Amino acid sequence: MNRTYDYIIVGAGSAGCILAHRLTEGGKYSVLLLEAGGTDDSLRFKVPIGYVYTYYDRRSNWMYSLQPERELNNRTLYCPRGKVQGGSGSINALIYVRGQRSDFDDWAAQGNTGWAFEDVLPYYKRLESHPLGNTEYHRADGRVRITQMKSAAHPICAAFLDACEQLGYPLNDDFNGATLEGAGIYDINTRDGLRDSSSRAYLEPALDRTQLTVEHHCLVDRVLLNDQRKATGVSYRCNGERRQCNAAKEVILSAGAVDTPKLLQLSGVGDRALLHRQGVTVTHHLPAVGRNLQDHTCVSYLYRANRRTLNDEFGSWVGKARAGLQYLLMRNGPLSLSVNQAGGFLRSDASQANPNMQLYFNPLSYEIPKDGSQALRPAGHSGFLLAVSPCRPTSRGTVEIASRHADDAPLIRPNYLTTGKDVDEAVEASRLVRKIMASEPLKAITVEETKPGNRVRSDAQMLQYYREEAGSIYHLCGSCAMGQDPSTSVVSNRLKVHGIDNLRVVDASIFPNVTSGNINAPTMMVAEKGAAMILEDAGQW
């Protein structure tokens with residue numbers, strides 16, 4: 001016999017965990033939360049630096065590959081996605097950045113009433129427990145603990161900050177405060193030296209509630225729709241067993257920017273031509289499903305240093321043992337942090353209305369091996385890297401089912417560098433790196449640029465280097481965009497799927513445009529705001 005719940009949430013990721021907590025905390029509604037992966041009990045999910053071990057781990061990572069990217073020399077790029085409780089928020093590098101005011105004002109300007117920065121700020125504040133306490137921009141009693149790395153960042157990060165200051169860039173002590181602009185040390189979401197994902201902060205406290213049911217290793221392959229285009233439940237496989245459950249109120253998709261559009265398409269909701277091509281019966285022609293995909297690209301410049309860096313810690317057994325002991329005894333040290341420590345949001349030139357480049361200064365130089373042997377391979381010498389990522393790319397891509405079978409990975413095409421603006425910014429990004437590296441504070445600690453080195457000097461060479469080496473920084477979003485027009489968007493400003501009753505999307509796929517910076521914090525904000533909307537529509541807010 002089919003079970004019935006008030007709400008069914010597909011995906012226990014950064015958004016789904018928050019929804020499960022909020023929808024059950026009042027004690028009124030029953031919720032089924034379905035997760036394709038397992039639990040996040042292992043230490044590799046709890047220790048902040050543990051993400052280096054989940055980067056190529058199929059047990060907790062979908063390990064998708066992008067389709068060959070024409071403008072990046074037809075390379076097939078890697079695309080990790082969380083397949084575990086907590087989703088990508090359980091395997092990411094922990095940087096907590098909201099984005100800038102204009103990102104969200106742009107959402108509202110596209111017709112999404114209620115999504116301007118002043119509208120979303122209360123939900124950012126609601127989710128966080130910030131060391132600065134209750135201020136205009138922060139709150140002290142939210143569920144996710146925010147840690148400022150500035151007191152623990154590697155000493156070599158000071159050279160980067162000095163360089164930026166000498167070049168006239170502002171220093172920023174709080175990227176999540178009044179402004180995003182400037183150079184500084186990043187915040188991360190950790191509590192007492194452990195990753196504070198939405199799984200730990202929201203879902204774990206709710207697991208004992210009788211109205212919440214969580215099932216793992218469950219792959220949902222279809223949203224059930226009746227003849228009135230109303231979502232009534234889901235069909236899925238759980239540990240090899242075929243199951244079906246009903247939703248009395250709503251089905252909520254929180255499977256992420258790749259798997260949410262995939263599930264809609266498998267359910268017959270999407271572009272008619274694509275569905276016919278893959279043998280899927282069309283339930284509702286909604287052409288924007290899987291379109292508007294956006295992502296940040298990033299390219300790294302690597303350097304040999306004349307002083308010790310994290311390469312010296314992580315490159316030897318003695319250093320690893322010392323860091324491990326420090327973490328076990330005091331819950332601090334390099335294992336408690338992200339390797340992305342310093343950075344910032346700068347303008348590539350004075351003509352830019354807003355910061356258009358994000359920088360990552362890592363006190364570690366490494367390359368990610370393409371053979372999947374390990375996530376990070378520190379260089380065999382003291383070193384660091386400076387990476388750069390344009391904040392608001394204008395290229396748009398697609399997510400499409402490859403077949404009508406849920407087990408088959410979708411076709412993911414971000415279409416990087418397919419606009420003139422993005423090509424220009426690829427060059428501007430490299431110019432910015434070289435400008436900062438030419439400053440006296442960084443010249444003083446640098447022996448040589450090990451990659452790309454002297455072979456890259458001109459604008460043409462910088463662009464070619466970008467095409468050869470840039471990759472995704474794993475901020476995929478926008479593939480079920482929010483908007484008013486069903487021909488160009490998938491959900492309304494209430495996150496309801498156009499043309500279908502009782503079906504919502506609450507995850508990063510609803511972003512109309514990518515935000516400036518890392519997207520885990522915006523995704524959690526969307527979940528907090530989405531939960532409030534759902535409860536309001538149910539008469540309980």
# chains A, B, ... in the order shown; residues from 1 in each chain; ligands from 1
>>> select_by_dssp(residues="region 84-199 of chain A", states="alpha helix (DSSP H)", output="ChimeraX atom specification")
/A:101-109,117-127,157-166,198
>>> residues_around(residues="region 263-269 of chain A", least_positions_apart="6", cutoff="7 Å", atoms="only C-alpha atoms", output="mmCIF file with C-alpha atoms, in the first residue's frame")
data_model
loop_
_atom_site.group_PDB
_atom_site.id
_atom_site.type_symbol
_atom_site.label_atom_id
_atom_site.label_comp_id
_atom_site.auth_asym_id
_atom_site.auth_seq_id
_atom_site.Cartn_x
_atom_site.Cartn_y
_atom_site.Cartn_z
ATOM 1 C CA ASP A 221 12.787 8.554 -11.254
ATOM 2 C CA ARG A 222 9.422 10.247 -11.670
ATOM 3 C CA VAL A 223 7.119 12.831 -10.167
ATOM 4 C CA LEU A 275 11.230 14.559 -24.482
ATOM 5 C CA VAL A 280 9.447 10.298 -22.706
ATOM 6 C CA THR A 281 5.710 10.963 -22.757
ATOM 7 C CA VAL A 282 5.096 14.716 -22.614
ATOM 8 C CA THR A 283 2.989 15.700 -19.629
ATOM 9 C CA HIS A 284 3.611 19.432 -19.750
ATOM 10 C CA HIS A 285 5.581 21.399 -22.334
ATOM 11 C CA LEU A 286 7.836 23.707 -20.295
ATOM 12 C CA ILE A 401 18.419 13.797 -20.085
ATOM 13 C CA ARG A 404 14.511 7.948 -20.373
#
>>> closest_residue(among="A:Val289, A:Leu32, A:Ile185, A:Leu19", to="Leu127 (chain A)", atoms="only C-alpha atoms")
A:Leu19
>>> closest_atom_pairs(of="region 61-135 of chain A", to="region 192-211 of chain A", cutoff="10 Å", atoms="only C-alpha atoms", output="tab-separated table")
residue	atom	partner	partner_atom	distance
A:Val84	CA	A:Ser199	CA	9.8
A:Gln85	CA	A:Ser199	CA	6.4
A:Gly86	CA	A:Ser199	CA	4.7
A:Gly87	CA	A:Ser199	CA	8.4
A:Ser88	CA	A:Ser197	CA	9.4
A:Gly89	CA	A:Ser197	CA	5.8
A:Ser90	CA	A:Ser197	CA	6.1
A:Ile91	CA	A:Ser197	CA	9.4
A:Asn92	CA	A:Ser197	CA	9.7
A:Ala93	CA	A:Arg195	CA	9.8
A:Leu94	CA	A:Arg195	CA	7.7
A:Leu127	CA	A:Ala201	CA	9.4
A:Glu128	CA	A:Ala201	CA	9.9
>>> write_last_selection(atoms="C-alpha atoms", output="mmCIF file, in the first residue's frame")
data_model
loop_
_atom_site.group_PDB
_atom_site.id
_atom_site.type_symbol
_atom_site.label_atom_id
_atom_site.label_comp_id
_atom_site.auth_asym_id
_atom_site.auth_seq_id
_atom_site.Cartn_x
_atom_site.Cartn_y
_atom_site.Cartn_z
ATOM 1 C CA VAL A 84 25.140 12.069 0.358
ATOM 2 C CA GLN A 85 23.079 13.570 3.145
ATOM 3 C CA GLY A 86 23.935 17.259 3.047
ATOM 4 C CA GLY A 87 24.475 17.118 -0.718
ATOM 5 C CA SER A 88 27.248 19.237 -2.175
ATOM 6 C CA GLY A 89 27.276 21.119 1.128
ATOM 7 C CA SER A 90 28.835 18.013 2.670
ATOM 8 C CA ILE A 91 31.703 17.828 0.173
ATOM 9 C CA ASN A 92 32.434 21.459 -0.727
ATOM 10 C CA ALA A 93 35.306 23.711 0.356
ATOM 11 C CA LEU A 94 33.142 25.502 2.950
ATOM 12 C CA LEU A 127 20.081 30.792 9.029
ATOM 13 C CA GLU A 128 23.370 31.955 10.551
#
>>> residues_around(residues="region 507-522 of chain A", least_positions_apart="4", cutoff="8 Å", atoms="only C-alpha atoms", output="PyMOL selection string")
chain A and resi 14-16+89+95-100+103-104+106-107+110+124+253-258+260-261+292-295+356+358+391-393+475-483+490-491+495+526-527
>>> write_last_selection(atoms="N, CA and C atoms", output="compact mmCIF listing (two decimals), in the first residue's frame")
# COMPACT_ATOMS: atom_id res chain seq x y z
N SER A 14 21.82 20.78 0.57
CA SER A 14 21.86 22.02 1.34
C SER A 14 20.48 22.61 1.53
N ALA A 15 19.62 22.50 0.51
CA ALA A 15 18.26 23.04 0.63
C ALA A 15 17.32 22.05 1.29
N GLY A 16 17.37 20.80 0.88
CA GLY A 16 16.41 19.81 1.38
C GLY A 16 16.46 19.61 2.87
N GLY A 89 26.86 20.43 -0.08
CA GLY A 89 27.28 21.12 1.13
C GLY A 89 28.04 20.24 2.10
N ILE A 95 33.48 27.66 1.80
CA ILE A 95 33.47 29.13 1.79
C ILE A 95 32.02 29.63 1.89
N TYR A 96 31.81 30.54 2.83
CA TYR A 96 30.47 31.08 3.07
C TYR A 96 30.41 32.52 2.58
N VAL A 97 29.78 32.70 1.42
CA VAL A 97 29.66 34.02 0.80
C VAL A 97 28.23 34.18 0.31
N ARG A 98 27.61 35.30 0.64
CA ARG A 98 26.23 35.53 0.24
C ARG A 98 26.09 35.98 -1.21
N GLY A 99 27.05 36.75 -1.70
CA GLY A 99 26.89 37.42 -2.97
C GLY A 99 26.71 38.91 -2.72
N GLN A 100 26.63 39.69 -3.80
CA GLN A 100 26.50 41.13 -3.60
C GLN A 100 25.07 41.59 -3.83
N ASP A 103 23.33 41.32 -7.17
CA ASP A 103 22.94 39.99 -7.66
C ASP A 103 21.45 39.76 -7.44
N PHE A 104 20.99 40.07 -6.23
CA PHE A 104 19.60 39.80 -5.88
C PHE A 104 18.66 40.89 -6.38
N ASP A 106 19.04 42.17 -9.15
CA ASP A 106 18.84 41.72 -10.53
C ASP A 106 17.76 40.63 -10.60
N TRP A 107 17.71 39.77 -9.59
CA TRP A 107 16.63 38.78 -9.55
C TRP A 107 15.27 39.48 -9.56
N GLN A 110 14.07 41.17 -12.75
CA GLN A 110 13.57 40.27 -13.79
C GLN A 110 12.13 39.85 -13.53
N TYR A 124 18.95 35.25 5.19
CA TYR A 124 20.38 35.01 5.46
C TYR A 124 20.64 35.12 6.96
N LEU A 253 11.07 19.63 -5.13
CA LEU A 253 12.31 19.13 -5.73
C LEU A 253 13.48 19.97 -5.24
N SER A 254 14.43 19.31 -4.59
CA SER A 254 15.64 19.96 -4.08
C SER A 254 16.86 19.11 -4.42
N ALA A 255 16.87 18.61 -5.64
CA ALA A 255 17.93 17.70 -6.08
C ALA A 255 19.10 18.41 -6.72
N GLY A 256 19.03 19.74 -6.84
CA GLY A 256 20.16 20.50 -7.35
C GLY A 256 20.03 20.89 -8.81
N ALA A 257 20.98 21.69 -9.26
CA ALA A 257 20.91 22.29 -10.59
C ALA A 257 21.08 21.29 -11.72
N VAL A 258 21.57 20.09 -11.41
CA VAL A 258 21.69 19.04 -12.43
C VAL A 258 20.52 18.07 -12.34
N THR A 260 17.60 18.18 -10.52
CA THR A 260 16.21 18.65 -10.53
C THR A 260 15.67 18.77 -11.96
N PRO A 261 16.36 19.43 -12.89
CA PRO A 261 15.83 19.44 -14.26
C PRO A 261 15.79 18.05 -14.88
N ASN A 292 19.25 27.84 -19.29
CA ASN A 292 19.74 28.92 -18.41
C ASN A 292 20.79 28.45 -17.42
N LEU A 293 21.42 27.29 -17.67
CA LEU A 293 22.46 26.79 -16.78
C LEU A 293 23.63 27.76 -16.73
N GLN A 294 24.09 28.06 -15.52
CA GLN A 294 25.21 28.98 -15.32
C GLN A 294 26.21 28.38 -14.36
N ASP A 295 27.45 28.85 -14.47
CA ASP A 295 28.51 28.35 -13.59
C ASP A 295 29.65 29.35 -13.62
N ASN A 356 33.82 42.48 -10.23
CA ASN A 356 33.51 41.47 -11.25
C ASN A 356 34.47 40.30 -11.25
N GLN A 358 36.37 37.36 -8.57
CA GLN A 358 36.62 36.77 -7.26
C GLN A 358 38.01 36.13 -7.28
N CYS A 391 32.88 36.95 -11.79
CA CYS A 391 31.72 36.82 -10.89
C CYS A 391 30.39 36.56 -11.58
N ARG A 392 30.17 37.23 -12.72
CA ARG A 392 28.84 37.16 -13.33
C ARG A 392 28.94 36.83 -14.82
N PRO A 393 29.33 35.61 -15.15
CA PRO A 393 29.42 35.23 -16.56
C PRO A 393 28.05 35.31 -17.24
N HIS A 475 29.81 25.80 -9.30
CA HIS A 475 28.71 26.64 -8.83
C HIS A 475 27.54 26.58 -9.82
N LEU A 476 27.18 25.39 -10.26
CA LEU A 476 26.12 25.23 -11.23
C LEU A 476 24.78 25.69 -10.65
N CYS A 477 24.02 26.44 -11.43
CA CYS A 477 22.74 26.96 -10.97
C CYS A 477 21.93 27.41 -12.18
N GLY A 478 20.68 27.81 -11.93
CA GLY A 478 19.88 28.48 -12.94
C GLY A 478 19.10 27.62 -13.90
N SER A 479 19.17 26.31 -13.79
CA SER A 479 18.60 25.41 -14.80
C SER A 479 17.10 25.21 -14.67
N CYS A 480 16.49 25.75 -13.62
CA CYS A 480 15.02 25.80 -13.48
C CYS A 480 14.67 27.20 -13.00
N ALA A 481 15.04 28.18 -13.79
CA ALA A 481 15.07 29.57 -13.35
C ALA A 481 13.70 30.10 -12.93
N MET A 482 13.75 31.00 -11.98
CA MET A 482 12.57 31.71 -11.50
C MET A 482 12.25 32.88 -12.44
N GLY A 483 10.97 33.05 -12.76
CA GLY A 483 10.56 34.14 -13.63
C GLY A 483 9.07 34.12 -13.86
N VAL A 490 10.97 28.49 -15.25
CA VAL A 490 10.37 27.23 -14.82
C VAL A 490 9.49 27.41 -13.59
N VAL A 491 9.87 28.29 -12.68
CA VAL A 491 9.08 28.49 -11.46
C VAL A 491 8.73 29.96 -11.29
N LEU A 495 8.21 29.96 -6.24
CA LEU A 495 8.94 28.72 -6.50
C LEU A 495 8.02 27.57 -6.94
N VAL A 526 17.77 30.43 -0.06
CA VAL A 526 16.60 30.08 -0.86
C VAL A 526 15.74 29.06 -0.12
N ALA A 527 16.36 28.11 0.56
CA ALA A 527 15.62 27.10 1.30
C ALA A 527 14.87 27.72 2.48
>>> closest_residue(among="A:Glu536, A:Gly133, A:Gly315, A:Lys529", to="Ile18 (chain A)", atoms="only C-alpha atoms")
A:Lys529
>>> closest_residue(among="A:Gly539, A:Tyr51, A:Lys496, A:Tyr169", to="Ala231 (chain A)", atoms="only C-alpha atoms")
A:Lys496
>>> closest_residue(among="A:Met63, A:Ala438, A:Ala273, A:Leu23", to="Leu77 (chain A)", atoms="only C-alpha atoms")
A:Met63
>>> atom_distance(atom1="CA of Leu161 (chain A)", atom2="CA of Arg457 (chain A)")
24.4 Å
>>> residues_around(residues="Arg431 (chain A)", least_positions_apart="3", cutoff="9 Å", atoms="only C-alpha atoms", output="ChimeraX atom specification")
/A:348,426-428,434-436,459,462
>>> write_last_selection(atoms="C-alpha atoms", output="short mmCIF file (atom, residue, chain, number, x, y, z; two decimals), in the first residue's frame")
data_model
loop_
_atom_site.label_atom_id
_atom_site.label_comp_id
_atom_site.auth_asym_id
_atom_site.auth_seq_id
_atom_site.Cartn_x
_atom_site.Cartn_y
_atom_site.Cartn_z
CA SER A 348 39.19 44.40 -13.05
CA ALA A 426 38.98 35.66 -19.14
CA VAL A 427 41.80 37.94 -20.26
CA GLU A 428 41.02 40.58 -17.64
CA ARG A 434 49.65 39.34 -12.84
CA LYS A 435 49.05 42.88 -11.57
CA ILE A 436 48.67 41.67 -7.99
CA ASP A 459 46.57 38.86 -23.97
CA MET A 462 46.47 34.56 -21.44
#
>>> closest_residue(among="A:Asn226, A:Ser129, A:Gln352, A:Asn415", to="Thr398 (chain A)", atoms="only C-alpha atoms")
A:Asn415
>>> select_by_dssp(residues="region 298-386 of chain A", states="strand (DSSP E)", output="list in words")
Cys298, Val299, Ser300, Tyr301, Leu302, Tyr303, Arg304, Ala305, Ala342, Gly343, Gly344, Phe345, Leu346, Met357, Gln358, Leu359, Tyr360, Phe361, Asn362, Tyr366, Glu367, Arg377, Pro378, Gly383, Phe384, Leu385 and Leu386 of chain A
>>> closest_residue(among="A:Arg304, A:Pro486, A:Val423, A:Ala353", to="Val447 (chain A)", atoms="only C-alpha atoms")
A:Arg304
>>> decode(residues="region 148-182 of chain A", atoms="N, CA and C atoms", output="CSV table (one decimal), in the first residue's frame")
chain,number,residue,atom,x,y,z
A,148,GLN,N,35.0,32.9,11.3
A,148,GLN,CA,35.9,33.8,10.6
A,148,GLN,C,37.3,33.2,10.6
A,149,MET,N,37.9,32.9,9.5
A,149,MET,CA,39.3,32.3,9.4
A,149,MET,C,40.4,33.3,9.7
A,150,LYS,N,40.1,34.6,9.8
A,150,LYS,CA,41.2,35.6,9.8
A,150,LYS,C,42.2,35.4,11.0
A,151,SER,N,41.8,34.8,12.1
A,151,SER,CA,42.7,34.6,13.2
A,151,SER,C,43.6,33.3,13.0
A,152,ALA,N,43.1,32.4,12.1
A,152,ALA,CA,43.8,31.1,11.9
A,152,ALA,C,44.4,31.0,10.5
A,153,ALA,N,44.2,31.9,9.6
A,153,ALA,CA,44.7,31.8,8.3
A,153,ALA,C,46.3,31.7,8.3
A,154,HIS,N,46.8,31.0,7.3
A,154,HIS,CA,48.3,30.9,7.2
A,154,HIS,C,48.9,32.3,7.2
A,155,PRO,N,50.1,32.5,7.8
A,155,PRO,CA,50.7,33.8,7.8
A,155,PRO,C,51.0,34.3,6.5
A,156,ILE,N,51.2,33.5,5.5
A,156,ILE,CA,51.6,34.0,4.2
A,156,ILE,C,50.5,34.7,3.5
A,157,CYS,N,49.2,34.5,4.0
A,157,CYS,CA,48.1,35.3,3.5
A,157,CYS,C,48.2,36.8,3.7
A,158,ALA,N,49.0,37.2,4.7
A,158,ALA,CA,49.2,38.6,4.9
A,158,ALA,C,49.9,39.3,3.7
A,159,ALA,N,50.7,38.6,3.0
A,159,ALA,CA,51.4,39.2,1.9
A,159,ALA,C,50.4,39.5,0.8
A,160,PHE,N,49.4,38.7,0.6
A,160,PHE,CA,48.3,38.9,-0.4
A,160,PHE,C,47.5,40.2,0.0
A,161,LEU,N,47.2,40.3,1.3
A,161,LEU,CA,46.4,41.4,1.7
A,161,LEU,C,47.2,42.7,1.6
A,162,ASP,N,48.5,42.6,1.9
A,162,ASP,CA,49.3,43.8,1.8
A,162,ASP,C,49.4,44.3,0.4
A,163,ALA,N,49.5,43.3,-0.5
A,163,ALA,CA,49.6,43.6,-2.0
A,163,ALA,C,48.4,44.3,-2.4
A,164,CYS,N,47.2,43.8,-2.1
A,164,CYS,CA,46.0,44.4,-2.5
A,164,CYS,C,45.9,45.9,-2.0
A,165,GLU,N,46.2,46.0,-0.7
A,165,GLU,CA,46.2,47.4,-0.1
A,165,GLU,C,47.1,48.3,-0.8
A,166,GLN,N,48.3,47.9,-1.1
A,166,GLN,CA,49.3,48.8,-1.7
A,166,GLN,C,48.8,49.2,-3.1
A,167,LEU,N,48.1,48.3,-3.8
A,167,LEU,CA,47.6,48.6,-5.1
A,167,LEU,C,46.3,49.5,-5.1
A,168,GLY,N,45.8,49.8,-3.9
A,168,GLY,CA,44.7,50.7,-3.8
A,168,GLY,C,43.3,50.0,-3.6
A,169,TYR,N,43.3,48.6,-3.5
A,169,TYR,CA,42.1,47.9,-3.3
A,169,TYR,C,41.7,48.0,-1.9
A,170,PRO,N,40.4,48.1,-1.6
A,170,PRO,CA,40.0,48.2,-0.2
A,170,PRO,C,40.2,46.8,0.5
A,171,LEU,N,40.4,46.8,1.8
A,171,LEU,CA,40.4,45.6,2.6
A,171,LEU,C,39.0,45.4,3.2
A,172,ASN,N,38.5,44.2,3.2
A,172,ASN,CA,37.2,43.9,3.7
A,172,ASN,C,37.2,42.9,4.8
A,173,ASP,N,36.8,43.3,6.0
A,173,ASP,CA,36.8,42.4,7.1
A,173,ASP,C,35.6,41.5,7.2
A,174,ASP,N,34.6,41.8,6.3
A,174,ASP,CA,33.4,41.0,6.4
A,174,ASP,C,32.7,41.0,5.0
A,175,PHE,N,33.0,39.9,4.2
A,175,PHE,CA,32.4,39.8,2.9
A,175,PHE,C,30.9,39.7,2.9
A,176,ASN,N,30.3,39.4,4.1
A,176,ASN,CA,28.9,39.2,4.2
A,176,ASN,C,28.2,40.4,5.0
A,177,GLY,N,28.9,41.5,5.0
A,177,GLY,CA,28.4,42.7,5.6
A,177,GLY,C,27.9,43.7,4.7
A,178,ALA,N,28.2,45.0,4.9
A,178,ALA,CA,27.6,46.1,4.1
A,178,ALA,C,28.0,46.0,2.6
A,179,THR,N,29.2,45.4,2.3
A,179,THR,CA,29.6,45.3,0.9
A,179,THR,C,30.5,44.1,0.7
A,180,LEU,N,30.5,43.6,-0.5
A,180,LEU,CA,31.3,42.4,-0.8
A,180,LEU,C,32.7,42.8,-1.3
A,181,GLU,N,32.8,44.1,-1.7
A,181,GLU,CA,34.0,44.5,-2.4
A,181,GLU,C,35.2,44.5,-1.4
A,182,GLY,N,36.4,44.1,-2.0
A,182,GLY,CA,37.6,44.2,-1.2
A,182,GLY,C,38.3,42.9,-1.1
